[in-house]
file input.cif (mmCIF, N, CA and C atoms)
data_coords
#
loop_
_atom_site.group_PDB
_atom_site.id
_atom_site.type_symbol
_atom_site.label_atom_id
_atom_site.label_comp_id
_atom_site.auth_asym_id
_atom_site.auth_seq_id
_atom_site.Cartn_x
_atom_site.Cartn_y
_atom_site.Cartn_z
ATOM 1 N N MET O 1 159.991 92.847 76.363
ATOM 2 C CA MET O 1 159.538 91.516 76.748
ATOM 3 C C MET O 1 160.214 90.492 75.841
ATOM 4 N N THR O 2 160.724 89.453 76.432
ATOM 5 C CA THR O 2 161.368 88.385 75.685
ATOM 6 C C THR O 2 160.309 87.504 75.044
ATOM 7 N N THR O 3 160.530 87.169 73.766
ATOM 8 C CA THR O 3 159.598 86.283 73.078
ATOM 9 C C THR O 3 159.879 84.854 73.501
ATOM 10 N N LYS O 4 158.862 84.215 73.979
ATOM 11 C CA LYS O 4 158.957 82.819 74.389
ATOM 12 C C LYS O 4 158.316 81.973 73.291
ATOM 13 N N ILE O 5 158.991 80.928 72.889
ATOM 14 C CA ILE O 5 158.468 80.008 71.891
ATOM 15 C C ILE O 5 157.988 78.750 72.615
ATOM 16 N N THR O 6 156.758 78.354 72.341
ATOM 17 C CA THR O 6 156.184 77.145 72.921
ATOM 18 C C THR O 6 155.898 76.155 71.799
ATOM 19 N N VAL O 7 156.240 74.896 72.039
ATOM 20 C CA VAL O 7 155.957 73.828 71.080
ATOM 21 C C VAL O 7 154.863 72.935 71.662
ATOM 22 N N LEU O 8 153.829 72.728 70.874
ATOM 23 C CA LEU O 8 152.725 71.843 71.251
ATOM 24 C C LEU O 8 152.665 70.727 70.215
ATOM 25 N N PHE O 9 152.355 69.500 70.661
ATOM 26 C CA PHE O 9 152.236 68.427 69.681
ATOM 27 C C PHE O 9 151.222 67.388 70.133
ATOM 28 N N ASP O 10 150.722 66.663 69.148
ATOM 29 C CA ASP O 10 149.761 65.592 69.391
ATOM 30 C C ASP O 10 150.078 64.473 68.410
ATOM 31 N N THR O 11 149.872 63.244 68.847
ATOM 32 C CA THR O 11 150.116 62.099 67.972
ATOM 33 C C THR O 11 148.929 61.155 68.003
ATOM 34 N N GLU O 12 148.820 60.380 66.942
ATOM 35 C CA GLU O 12 147.940 59.218 66.898
ATOM 36 C C GLU O 12 148.864 58.027 66.702
ATOM 37 N N THR O 13 148.477 56.885 67.257
ATOM 38 C CA THR O 13 149.355 55.712 67.210
ATOM 39 C C THR O 13 148.574 54.448 66.872
ATOM 40 N N THR O 14 149.336 53.367 66.716
ATOM 41 C CA THR O 14 148.730 52.070 66.406
ATOM 42 C C THR O 14 148.197 51.359 67.638
ATOM 43 N N GLY O 15 148.278 51.959 68.801
ATOM 44 C CA GLY O 15 147.759 51.331 70.014
ATOM 45 C C GLY O 15 148.243 52.039 71.262
ATOM 46 N N LEU O 16 148.009 51.396 72.401
ATOM 47 C CA LEU O 16 148.417 51.945 73.691
ATOM 48 C C LEU O 16 149.805 51.448 74.062
ATOM 49 N N LEU O 17 150.511 52.213 74.885
ATOM 50 C CA LEU O 17 151.837 51.808 75.339
ATOM 51 C C LEU O 17 151.782 50.479 76.075
ATOM 52 N N ALA O 18 152.753 49.638 75.777
ATOM 53 C CA ALA O 18 152.906 48.379 76.503
ATOM 54 C C ALA O 18 153.773 48.658 77.734
ATOM 55 N N PRO O 19 153.752 47.765 78.731
ATOM 56 C CA PRO O 19 154.611 47.973 79.900
ATOM 57 C C PRO O 19 156.075 48.133 79.484
ATOM 58 N N GLU O 20 156.818 48.911 80.266
ATOM 59 C CA GLU O 20 158.214 49.218 79.935
ATOM 60 C C GLU O 20 159.078 47.980 79.723
ATOM 61 N N ALA O 21 158.767 46.878 80.363
ATOM 62 C CA ALA O 21 159.587 45.674 80.252
ATOM 63 C C ALA O 21 159.491 45.026 78.874
ATOM 64 N N ASN O 22 158.501 45.415 78.068
ATOM 65 C CA ASN O 22 158.342 44.839 76.735
ATOM 66 C C ASN O 22 159.385 45.407 75.772
ATOM 67 N N ASP O 23 159.692 44.623 74.748
ATOM 68 C CA ASP O 23 160.619 45.068 73.711
ATOM 69 C C ASP O 23 160.073 46.301 73.001
ATOM 70 N N LEU O 24 160.980 47.092 72.462
ATOM 71 C CA LEU O 24 160.599 48.291 71.719
ATOM 72 C C LEU O 24 159.688 47.940 70.546
ATOM 73 N N ASP O 25 159.925 46.780 69.912
ATOM 74 C CA ASP O 25 159.107 46.365 68.772
ATOM 75 C C ASP O 25 157.650 46.119 69.140
ATOM 76 N N SER O 26 157.356 45.925 70.415
ATOM 77 C CA SER O 26 155.974 45.682 70.828
ATOM 78 C C SER O 26 155.255 46.973 71.234
ATOM 79 N N GLN O 27 155.962 48.111 71.164
ATOM 80 C CA GLN O 27 155.350 49.396 71.486
ATOM 81 C C GLN O 27 154.569 49.908 70.281
ATOM 82 N N PRO O 28 153.616 50.807 70.476
ATOM 83 C CA PRO O 28 152.847 51.345 69.345
ATOM 84 C C PRO O 28 153.714 52.238 68.464
ATOM 85 N N TYR O 29 153.275 52.393 67.236
ATOM 86 C CA TYR O 29 153.952 53.244 66.267
ATOM 87 C C TYR O 29 153.097 54.478 65.988
ATOM 88 N N ILE O 30 153.752 55.589 65.706
ATOM 89 C CA ILE O 30 153.044 56.822 65.373
ATOM 90 C C ILE O 30 152.430 56.693 63.981
ATOM 91 N N THR O 31 151.179 57.116 63.850
ATOM 92 C CA THR O 31 150.513 57.126 62.547
ATOM 93 C C THR O 31 150.221 58.550 62.068
ATOM 94 N N GLU O 32 150.221 59.505 62.985
ATOM 95 C CA GLU O 32 150.029 60.915 62.626
ATOM 96 C C GLU O 32 150.677 61.771 63.696
ATOM 97 N N ILE O 33 151.274 62.869 63.266
ATOM 98 C CA ILE O 33 151.843 63.814 64.224
ATOM 99 C C ILE O 33 151.537 65.232 63.756
ATOM 100 N N CYS O 34 151.151 66.048 64.710
ATOM 101 C CA CYS O 34 150.913 67.465 64.453
ATOM 102 C C CYS O 34 151.690 68.244 65.512
ATOM 103 N N CYS O 35 152.541 69.157 65.050
ATOM 104 C CA CYS O 35 153.357 69.976 65.951
ATOM 105 C C CYS O 35 153.192 71.440 65.554
ATOM 106 N N VAL O 36 153.082 72.293 66.531
ATOM 107 C CA VAL O 36 153.014 73.728 66.260
ATOM 108 C C VAL O 36 153.951 74.473 67.199
ATOM 109 N N LYS O 37 154.547 75.549 66.665
ATOM 110 C CA LYS O 37 155.315 76.498 67.473
ATOM 111 C C LYS O 37 154.503 77.774 67.521
ATOM 112 N N VAL O 38 154.335 78.309 68.719
ATOM 113 C CA VAL O 38 153.611 79.562 68.904
ATOM 114 C C VAL O 38 154.439 80.508 69.769
ATOM 115 N N ASP O 39 154.162 81.798 69.624
ATOM 116 C CA ASP O 39 154.844 82.790 70.449
ATOM 117 C C ASP O 39 153.999 83.125 71.675
ATOM 118 N N ASN O 40 154.422 84.147 72.404
ATOM 119 C CA ASN O 40 153.731 84.551 73.643
ATOM 120 C C ASN O 40 152.240 84.798 73.445
ATOM 121 N N ASP O 41 151.883 85.318 72.267
ATOM 122 C CA ASP O 41 150.489 85.652 71.986
ATOM 123 C C ASP O 41 149.764 84.535 71.232
ATOM 124 N N PHE O 42 150.372 83.366 71.188
ATOM 125 C CA PHE O 42 149.819 82.190 70.498
ATOM 126 C C PHE O 42 149.680 82.396 69.000
ATOM 127 N N ASN O 43 150.545 83.245 68.434
ATOM 128 C CA ASN O 43 150.622 83.376 66.986
ATOM 129 C C ASN O 43 151.405 82.186 66.452
ATOM 130 N N LEU O 44 150.908 81.583 65.400
ATOM 131 C CA LEU O 44 151.564 80.418 64.808
ATOM 132 C C LEU O 44 152.864 80.839 64.146
ATOM 133 N N ILE O 45 153.934 80.153 64.512
ATOM 134 C CA ILE O 45 155.251 80.423 63.933
ATOM 135 C C ILE O 45 155.591 79.359 62.889
ATOM 136 N N GLU O 46 155.338 78.112 63.244
ATOM 137 C CA GLU O 46 155.673 76.993 62.348
ATOM 138 C C GLU O 46 154.783 75.813 62.692
ATOM 139 N N GLU O 47 154.552 74.942 61.696
ATOM 140 C CA GLU O 47 153.657 73.809 61.904
ATOM 141 C C GLU O 47 154.117 72.617 61.063
ATOM 142 N N ILE O 48 153.969 71.437 61.629
ATOM 143 C CA ILE O 48 154.132 70.175 60.909
ATOM 144 C C ILE O 48 152.867 69.372 61.187
ATOM 145 N N ASP O 49 152.253 68.865 60.143
ATOM 146 C CA ASP O 49 151.069 68.016 60.297
ATOM 147 C C ASP O 49 151.147 66.957 59.206
ATOM 148 N N THR O 50 151.410 65.716 59.603
ATOM 149 C CA THR O 50 151.613 64.675 58.604
ATOM 150 C C THR O 50 151.219 63.297 59.136
ATOM 151 N N PHE O 51 150.777 62.460 58.217
ATOM 152 C CA PHE O 51 150.640 61.050 58.531
ATOM 153 C C PHE O 51 152.039 60.449 58.541
ATOM 154 N N ILE O 52 152.207 59.372 59.287
ATOM 155 C CA ILE O 52 153.452 58.609 59.347
ATOM 156 C C ILE O 52 153.102 57.164 58.997
ATOM 157 N N LYS O 53 153.855 56.564 58.092
ATOM 158 C CA LYS O 53 153.585 55.177 57.718
ATOM 159 C C LYS O 53 154.236 54.248 58.742
ATOM 160 N N PRO O 54 153.433 53.528 59.519
ATOM 161 C CA PRO O 54 154.007 52.617 60.509
ATOM 162 C C PRO O 54 154.499 51.342 59.824
ATOM 163 N N PRO O 55 155.405 50.605 60.475
ATOM 164 C CA PRO O 55 155.914 49.370 59.881
ATOM 165 C C PRO O 55 154.950 48.183 60.019
ATOM 166 N N ILE O 56 153.795 48.438 60.613
ATOM 167 C CA ILE O 56 152.781 47.388 60.770
ATOM 168 C C ILE O 56 151.441 47.929 60.276
ATOM 169 N N PRO O 57 150.516 47.046 59.898
ATOM 170 C CA PRO O 57 149.192 47.521 59.479
ATOM 171 C C PRO O 57 148.439 48.165 60.648
ATOM 172 N N ILE O 58 147.597 49.141 60.315
ATOM 173 C CA ILE O 58 146.718 49.766 61.310
ATOM 174 C C ILE O 58 145.505 48.853 61.465
ATOM 175 N N SER O 59 145.195 48.501 62.696
ATOM 176 C CA SER O 59 144.076 47.593 62.951
ATOM 177 C C SER O 59 142.737 48.289 62.730
ATOM 178 N N GLU O 60 141.710 47.492 62.525
ATOM 179 C CA GLU O 60 140.359 48.045 62.365
ATOM 180 C C GLU O 60 139.938 48.813 63.614
ATOM 181 N N GLU O 61 140.329 48.300 64.783
ATOM 182 C CA GLU O 61 139.979 48.979 66.038
ATOM 183 C C GLU O 61 140.591 50.384 66.091
ATOM 184 N N ILE O 62 141.852 50.506 65.720
ATOM 185 C CA ILE O 62 142.506 51.813 65.735
ATOM 186 C C ILE O 62 141.889 52.726 64.680
ATOM 187 N N THR O 63 141.542 52.187 63.515
ATOM 188 C CA THR O 63 140.862 52.987 62.495
ATOM 189 C C THR O 63 139.534 53.510 63.017
ATOM 190 N N ARG O 64 138.793 52.679 63.769
ATOM 191 C CA ARG O 64 137.528 53.141 64.361
ATOM 192 C C ARG O 64 137.759 54.292 65.339
ATOM 193 N N ILE O 65 138.833 54.212 66.090
ATOM 194 C CA ILE O 65 139.122 55.231 67.106
ATOM 195 C C ILE O 65 139.654 56.518 66.474
ATOM 196 N N THR O 66 140.584 56.392 65.531
ATOM 197 C CA THR O 66 141.287 57.565 64.991
ATOM 198 C C THR O 66 140.809 58.009 63.604
ATOM 199 N N SER O 67 140.085 57.135 62.931
ATOM 200 C CA SER O 67 139.663 57.357 61.538
ATOM 201 C C SER O 67 140.830 57.342 60.556
ATOM 202 N N ILE O 68 141.996 56.911 60.995
ATOM 203 C CA ILE O 68 143.158 56.799 60.109
ATOM 204 C C ILE O 68 143.211 55.383 59.550
ATOM 205 N N THR O 69 143.291 55.281 58.226
ATOM 206 C CA THR O 69 143.296 53.977 57.569
ATOM 207 C C THR O 69 144.676 53.662 56.996
ATOM 208 N N ASN O 70 144.851 52.399 56.639
ATOM 209 C CA ASN O 70 146.090 51.997 55.976
ATOM 210 C C ASN O 70 146.258 52.740 54.656
ATOM 211 N N ARG O 71 145.163 53.035 54.000
ATOM 212 C CA ARG O 71 145.224 53.798 52.750
ATOM 213 C C ARG O 71 145.744 55.214 53.010
ATOM 214 N N ASP O 72 145.335 55.819 54.126
ATOM 215 C CA ASP O 72 145.787 57.173 54.463
ATOM 216 C C ASP O 72 147.308 57.253 54.586
ATOM 217 N N VAL O 73 147.916 56.213 55.142
ATOM 218 C CA VAL O 73 149.358 56.244 55.413
ATOM 219 C C VAL O 73 150.186 55.546 54.336
ATOM 220 N N ALA O 74 149.538 55.008 53.318
ATOM 221 C CA ALA O 74 150.235 54.204 52.301
ATOM 222 C C ALA O 74 151.414 54.948 51.666
ATOM 223 N N ASN O 75 151.261 56.223 51.379
ATOM 224 C CA ASN O 75 152.330 56.997 50.735
ATOM 225 C C ASN O 75 152.981 58.000 51.683
ATOM 226 N N ALA O 76 152.715 57.864 52.970
ATOM 227 C CA ALA O 76 153.271 58.779 53.968
ATOM 228 C C ALA O 76 154.731 58.424 54.253
ATOM 229 N N PRO O 77 155.499 59.382 54.737
ATOM 230 C CA PRO O 77 156.882 59.075 55.113
ATOM 231 C C PRO O 77 156.912 58.189 56.355
ATOM 232 N N SER O 78 157.981 57.436 56.508
ATOM 233 C CA SER O 78 158.190 56.659 57.738
ATOM 234 C C SER O 78 158.670 57.613 58.833
ATOM 235 N N PHE O 79 158.651 57.137 60.075
ATOM 236 C CA PHE O 79 159.168 57.967 61.168
ATOM 237 C C PHE O 79 160.641 58.276 60.926
ATOM 238 N N GLU O 80 161.393 57.294 60.456
ATOM 239 C CA GLU O 80 162.818 57.494 60.186
ATOM 240 C C GLU O 80 163.034 58.597 59.152
ATOM 241 N N GLN O 81 162.162 58.669 58.152
ATOM 242 C CA GLN O 81 162.272 59.727 57.144
ATOM 243 C C GLN O 81 161.913 61.094 57.725
ATOM 244 N N MET O 82 160.970 61.130 58.651
ATOM 245 C CA MET O 82 160.541 62.403 59.255
ATOM 246 C C MET O 82 161.439 62.858 60.402
ATOM 247 N N TYR O 83 162.207 61.946 60.969
ATOM 248 C CA TYR O 83 162.982 62.261 62.170
ATOM 249 C C TYR O 83 163.855 63.516 62.026
ATOM 250 N N PRO O 84 164.638 63.681 60.938
ATOM 251 C CA PRO O 84 165.467 64.895 60.860
ATOM 252 C C PRO O 84 164.639 66.182 60.917
ATOM 253 N N ARG O 85 163.521 66.214 60.236
ATOM 254 C CA ARG O 85 162.668 67.409 60.250
ATOM 255 C C ARG O 85 162.079 67.639 61.643
ATOM 256 N N LEU O 86 161.627 66.550 62.289
ATOM 257 C CA LEU O 86 161.064 66.677 63.635
ATOM 258 C C LEU O 86 162.134 67.106 64.635
ATOM 259 N N ALA O 87 163.329 66.534 64.532
ATOM 260 C CA ALA O 87 164.421 66.895 65.451
ATOM 261 C C ALA O 87 164.752 68.376 65.315
ATOM 262 N N GLU O 88 164.819 68.874 64.086
ATOM 263 C CA GLU O 88 165.091 70.297 63.860
ATOM 264 C C GLU O 88 163.972 71.160 64.407
ATOM 265 N N PHE O 89 162.729 70.708 64.213
ATOM 266 C CA PHE O 89 161.567 71.455 64.692
ATOM 267 C C PHE O 89 161.632 71.624 66.214
ATOM 268 N N PHE O 90 161.947 70.535 66.928
ATOM 269 C CA PHE O 90 161.945 70.583 68.386
ATOM 270 C C PHE O 90 163.201 71.219 68.977
ATOM 271 N N THR O 91 164.321 71.194 68.258
ATOM 272 C CA THR O 91 165.566 71.703 68.827
ATOM 273 C C THR O 91 166.070 72.962 68.159
ATOM 274 N N GLY O 92 165.584 73.260 66.951
ATOM 275 C CA GLY O 92 166.140 74.359 66.156
ATOM 276 C C GLY O 92 165.629 75.704 66.506
#
call {"tool": "encode", "arguments": {"input": "input.cif", "output": "C-alpha coordinates"}}
result
Amino acid sequence: MTTKITVLFDTETTGLLAPEANDLDSQPYITEICCVKVDNDFNLIEEIDTFIKPPIPISEEITRITSITNRDVANAPSFEQMYPRLAEFFTG
(Lines of atoms letter the chains of each structure in order from A and count residues from 1; the text may use other names and numbers.)
(Lines give C-alpha, C1' and ligand atoms only; values in the text may rest on other atoms or scores of the structure.)
Protein backbone atom coordinates (compact mmCIF):
# COMPACT_ATOMS: atom_id res chain seq x y z
CA MET A 1 0.00 0.00 0.00
CA THR A 2 1.31 3.42 -0.93
CA THR A 3 1.65 5.86 1.95
CA LYS A 4 -0.44 8.92 1.35
CA ILE A 5 0.49 12.13 3.13
CA THR A 6 -2.33 14.53 4.00
CA VAL A 7 -1.81 18.12 5.12
CA LEU A 8 -4.43 19.76 7.33
CA PHE A 9 -4.30 23.37 8.47
CA ASP A 10 -6.27 25.99 10.34
CA THR A 11 -5.73 29.72 10.73
CA GLU A 12 -6.94 32.57 12.88
CA THR A 13 -6.98 36.04 11.35
CA THR A 14 -7.55 39.71 12.09
CA GLY A 15 -10.98 39.62 10.44
CA LEU A 16 -13.13 38.32 7.60
CA LEU A 17 -12.17 38.40 3.93
CA ALA A 18 -13.04 41.60 2.12
CA PRO A 19 -14.53 41.44 -1.40
CA GLU A 20 -11.97 40.51 -4.07
CA ALA A 21 -12.05 44.02 -5.57
CA ASN A 22 -10.44 45.45 -2.41
CA ASP A 23 -6.70 46.02 -2.17
CA LEU A 24 -4.58 43.28 -0.63
CA ASP A 25 -3.78 45.64 2.27
CA SER A 26 -7.45 45.63 3.27
CA GLN A 27 -7.57 41.82 3.58
CA PRO A 28 -7.20 40.15 7.01
CA TYR A 29 -3.83 39.02 8.29
CA ILE A 30 -3.02 35.63 9.81
CA THR A 31 -2.51 35.71 13.59
CA GLU A 32 -2.10 31.95 14.17
CA ILE A 33 -1.50 28.95 11.97
CA CYS A 34 -1.51 25.26 12.79
CA CYS A 35 -0.52 22.71 10.14
CA VAL A 36 -0.19 18.96 10.47
CA LYS A 37 0.98 16.20 8.13
CA VAL A 38 -0.54 12.78 8.72
CA ASP A 39 -0.21 9.41 7.02
CA ASN A 40 -2.91 6.95 5.92
CA ASP A 41 -3.55 5.95 9.54
CA PHE A 42 -3.61 9.58 10.76
CA ASN A 43 -0.26 9.20 12.50
CA LEU A 44 1.33 12.61 12.99
CA ILE A 45 4.36 13.08 10.75
CA GLU A 46 5.08 16.78 11.21
CA GLU A 47 3.45 19.82 12.80
CA ILE A 48 3.73 23.60 12.83
CA ASP A 49 1.76 25.58 15.39
CA THR A 50 2.66 29.23 15.84
CA PHE A 51 1.34 32.71 16.37
CA ILE A 52 2.04 35.15 13.53
CA LYS A 53 2.62 38.84 14.24
CA PRO A 54 0.31 40.80 11.93
CA PRO A 55 1.32 44.26 10.65
CA ILE A 56 -1.76 45.75 12.32
CA PRO A 57 -3.10 45.59 15.89
CA ILE A 58 -5.58 42.83 16.74
CA SER A 59 -8.94 44.40 17.54
CA GLU A 60 -10.81 43.77 20.77
CA GLU A 61 -13.57 42.08 18.75
CA ILE A 62 -11.12 39.59 17.23
CA THR A 63 -9.56 38.97 20.66
CA ARG A 64 -13.05 38.16 21.99
CA ILE A 65 -13.61 35.70 19.16
CA THR A 66 -10.17 34.03 19.05
CA SER A 67 -8.72 34.80 22.50
CA ILE A 68 -5.53 35.92 20.73
CA THR A 69 -4.16 39.20 22.06
CA ASN A 70 -1.60 41.69 20.83
CA ARG A 71 0.59 40.51 23.70
CA ASP A 72 0.39 36.92 22.40
CA VAL A 73 1.81 37.92 19.01
CA ALA A 74 4.24 40.62 20.21
CA ASN A 75 7.32 38.38 19.83
CA ALA A 76 5.92 36.06 17.15
CA PRO A 77 7.47 35.84 13.69
CA SER A 78 5.88 37.77 10.83
CA PHE A 79 4.26 35.87 7.96
CA GLU A 80 7.24 36.83 5.79
CA GLN A 81 9.59 35.23 8.33
CA MET A 82 7.47 32.05 8.47
CA TYR A 83 6.87 31.79 4.72
CA PRO A 84 9.99 29.69 3.87
CA ARG A 85 9.15 27.13 6.57
CA LEU A 86 5.48 27.03 5.55
CA ALA A 87 6.35 26.72 1.84
CA GLU A 88 8.66 23.78 2.60
CA PHE A 89 6.01 22.19 4.82
CA PHE A 90 3.36 22.32 2.09
CA THR A 91 5.61 21.44 -0.87
CA GLY A 92 8.49 19.43 0.61
call {"tool": "atom_distance", "arguments": {"input": "input.cif", "atom1": "atom C of Lys53 (chain O)", "atom2": "CA of Gly92 (chain O)"}}
result
24.5 Å
call {"tool": "closest_residue", "arguments": {"input": "input.cif", "among": "O:Ile58, O:Ala76, O:Cys35, O:Ile52", "to": "Thr14 (chain O)", "atoms": "only C-alpha atoms"}}
result
O:Ile58
call {"tool": "atom_distance", "arguments": {"input": "input.cif", "atom1": "CA of Glu47 (chain O)", "atom2": "CA of Phe90 (chain O)"}}
result
11.0 Å
call {"tool": "select_by_dssp", "arguments": {"input": "input.cif", "residues": "chain O", "states": "alpha helix (DSSP H)", "output": "PDB file with N, CA and C atoms, in the frame of the given file"}}
result
ATOM      1  N   GLU O  60     141.710  47.492  62.525  1.00  0.00           N
ATOM      2  CA  GLU O  60     140.359  48.045  62.365  1.00  0.00           C
ATOM      3  C   GLU O  60     139.938  48.813  63.614  1.00  0.00           C
ATOM      4  N   GLU O  61     140.329  48.300  64.783  1.00  0.00           N
ATOM      5  CA  GLU O  61     139.979  48.979  66.038  1.00  0.00           C
ATOM      6  C   GLU O  61     140.591  50.384  66.091  1.00  0.00           C
ATOM      7  N   ILE O  62     141.852  50.506  65.720  1.00  0.00           N
ATOM      8  CA  ILE O  62     142.506  51.813  65.735  1.00  0.00           C
ATOM      9  C   ILE O  62     141.889  52.726  64.680  1.00  0.00           C
ATOM     10  N   THR O  63     141.542  52.187  63.515  1.00  0.00           N
ATOM     11  CA  THR O  63     140.862  52.987  62.495  1.00  0.00           C
ATOM     12  C   THR O  63     139.534  53.510  63.017  1.00  0.00           C
ATOM     13  N   ARG O  64     138.793  52.679  63.769  1.00  0.00           N
ATOM     14  CA  ARG O  64     137.528  53.141  64.361  1.00  0.00           C
ATOM     15  C   ARG O  64     137.759  54.292  65.339  1.00  0.00           C
ATOM     16  N   ILE O  65     138.833  54.212  66.090  1.00  0.00           N
ATOM     17  CA  ILE O  65     139.122  55.231  67.106  1.00  0.00           C
ATOM     18  C   ILE O  65     139.654  56.518  66.474  1.00  0.00           C
ATOM     19  N   THR O  66     140.584  56.392  65.531  1.00  0.00           N
ATOM     20  CA  THR O  66     141.287  57.565  64.991  1.00  0.00           C
ATOM     21  C   THR O  66     140.809  58.009  63.604  1.00  0.00           C
ATOM     22  N   ASN O  70     144.851  52.399  56.639  1.00  0.00           N
ATOM     23  CA  ASN O  70     146.090  51.997  55.976  1.00  0.00           C
ATOM     24  C   ASN O  70     146.258  52.740  54.656  1.00  0.00           C
ATOM     25  N   ARG O  71     145.163  53.035  54.000  1.00  0.00           N
ATOM     26  CA  ARG O  71     145.224  53.798  52.750  1.00  0.00           C
ATOM     27  C   ARG O  71     145.744  55.214  53.010  1.00  0.00           C
ATOM     28  N   ASP O  72     145.335  55.819  54.126  1.00  0.00           N
ATOM     29  CA  ASP O  72     145.787  57.173  54.463  1.00  0.00           C
ATOM     30  C   ASP O  72     147.308  57.253  54.586  1.00  0.00           C
ATOM     31  N   VAL O  73     147.916  56.213  55.142  1.00  0.00           N
ATOM     32  CA  VAL O  73     149.358  56.244  55.413  1.00  0.00           C
ATOM     33  C   VAL O  73     150.186  55.546  54.336  1.00  0.00           C
ATOM     34  N   PHE O  79     158.651  57.137  60.075  1.00  0.00           N
ATOM     35  CA  PHE O  79     159.168  57.967  61.168  1.00  0.00           C
ATOM     36  C   PHE O  79     160.641  58.276  60.926  1.00  0.00           C
ATOM     37  N   GLU O  80     161.393  57.294  60.456  1.00  0.00           N
ATOM     38  CA  GLU O  80     162.818  57.494  60.186  1.00  0.00           C
ATOM     39  C   GLU O  80     163.034  58.597  59.152  1.00  0.00           C
ATOM     40  N   GLN O  81     162.162  58.669  58.152  1.00  0.00           N
ATOM     41  CA  GLN O  81     162.272  59.727  57.144  1.00  0.00           C
ATOM     42  C   GLN O  81     161.913  61.094  57.725  1.00  0.00           C
ATOM     43  N   MET O  82     160.970  61.130  58.651  1.00  0.00           N
ATOM     44  CA  MET O  82     160.541  62.403  59.255  1.00  0.00           C
ATOM     45  C   MET O  82     161.439  62.858  60.402  1.00  0.00           C
ATOM     46  N   TYR O  83     162.207  61.946  60.969  1.00  0.00           N
ATOM     47  CA  TYR O  83     162.982  62.261  62.170  1.00  0.00           C
ATOM     48  C   TYR O  83     163.855  63.516  62.026  1.00  0.00           C
ATOM     49  N   PRO O  84     164.638  63.681  60.938  1.00  0.00           N
ATOM     50  CA  PRO O  84     165.467  64.895  60.860  1.00  0.00           C
ATOM     51  C   PRO O  84     164.639  66.182  60.917  1.00  0.00           C
ATOM     52  N   ARG O  85     163.521  66.214  60.236  1.00  0.00           N
ATOM     53  CA  ARG O  85     162.668  67.409  60.250  1.00  0.00           C
ATOM     54  C   ARG O  85     162.079  67.639  61.643  1.00  0.00           C
ATOM     55  N   LEU O  86     161.627  66.550  62.289  1.00  0.00           N
ATOM     56  CA  LEU O  86     161.064  66.677  63.635  1.00  0.00           C
ATOM     57  C   LEU O  86     162.134  67.106  64.635  1.00  0.00           C
ATOM     58  N   ALA O  87     163.329  66.534  64.532  1.00  0.00           N
ATOM     59  CA  ALA O  87     164.421  66.895  65.451  1.00  0.00           C
ATOM     60  C   ALA O  87     164.752  68.376  65.315  1.00  0.00           C
ATOM     61  N   GLU O  88     164.819  68.874  64.086  1.00  0.00           N
ATOM     62  CA  GLU O  88     165.091  70.297  63.860  1.00  0.00           C
ATOM     63  C   GLU O  88     163.972  71.160  64.407  1.00  0.00           C
ATOM     64  N   PHE O  89     162.729  70.708  64.213  1.00  0.00           N
ATOM     65  CA  PHE O  89     161.567  71.455  64.692  1.00  0.00           C
ATOM     66  C   PHE O  89     161.632  71.624  66.214  1.00  0.00           C
ATOM     67  N   PHE O  90     161.947  70.535  66.928  1.00  0.00           N
ATOM     68  CA  PHE O  90     161.945  70.583  68.386  1.00  0.00           C
ATOM     69  C   PHE O  90     163.201  71.219  68.977  1.00  0.00           C
ATOM     70  N   THR O  91     164.321  71.194  68.258  1.00  0.00           N
ATOM     71  CA  THR O  91     165.566  71.703  68.827  1.00  0.00           C
ATOM     72  C   THR O  91     166.070  72.962  68.159  1.00  0.00           C
TER      73      THR O  91
END
call {"tool": "closest_residue", "arguments": {"input": "input.cif", "among": "O:Asp25, O:Ile62, O:Met82, O:Asp39", "to": "Met1 (chain O)", "atoms": "only C-alpha atoms"}}
result
O:Asp39
call {"tool": "select_by_dssp", "arguments": {"input": "input.cif", "residues": "chain O", "states": "strand (DSSP E or B)", "output": "ChimeraX atom specification"}}
result
/O:6-13,30-38,44-51
call {"tool": "residues_around", "arguments": {"input": "input.cif", "residues": "Phe9 (chain O)", "least_positions_apart": "3", "cutoff": "12 Å", "atoms": "only C-alpha atoms", "output": "list in words"}}
result
Thr6, Glu12, Glu32, Ile33, Cys34, Cys35, Val36, Lys37, Val38, Glu46, Glu47, Ile48, Asp49, Thr50, Leu86, Phe89 and Phe90 of chain O
call {"tool": "axis_aligned_box", "arguments": {"input": "input.cif", "around": "region 2-12 of chain O", "padding_each_side": "4 Å", "output": "JSON"}}
result
{"center_x": 154.7, "center_y": 73.7, "center_z": 71.6, "size_x": 21.4, "size_y": 39.4, "size_z": 17.7}
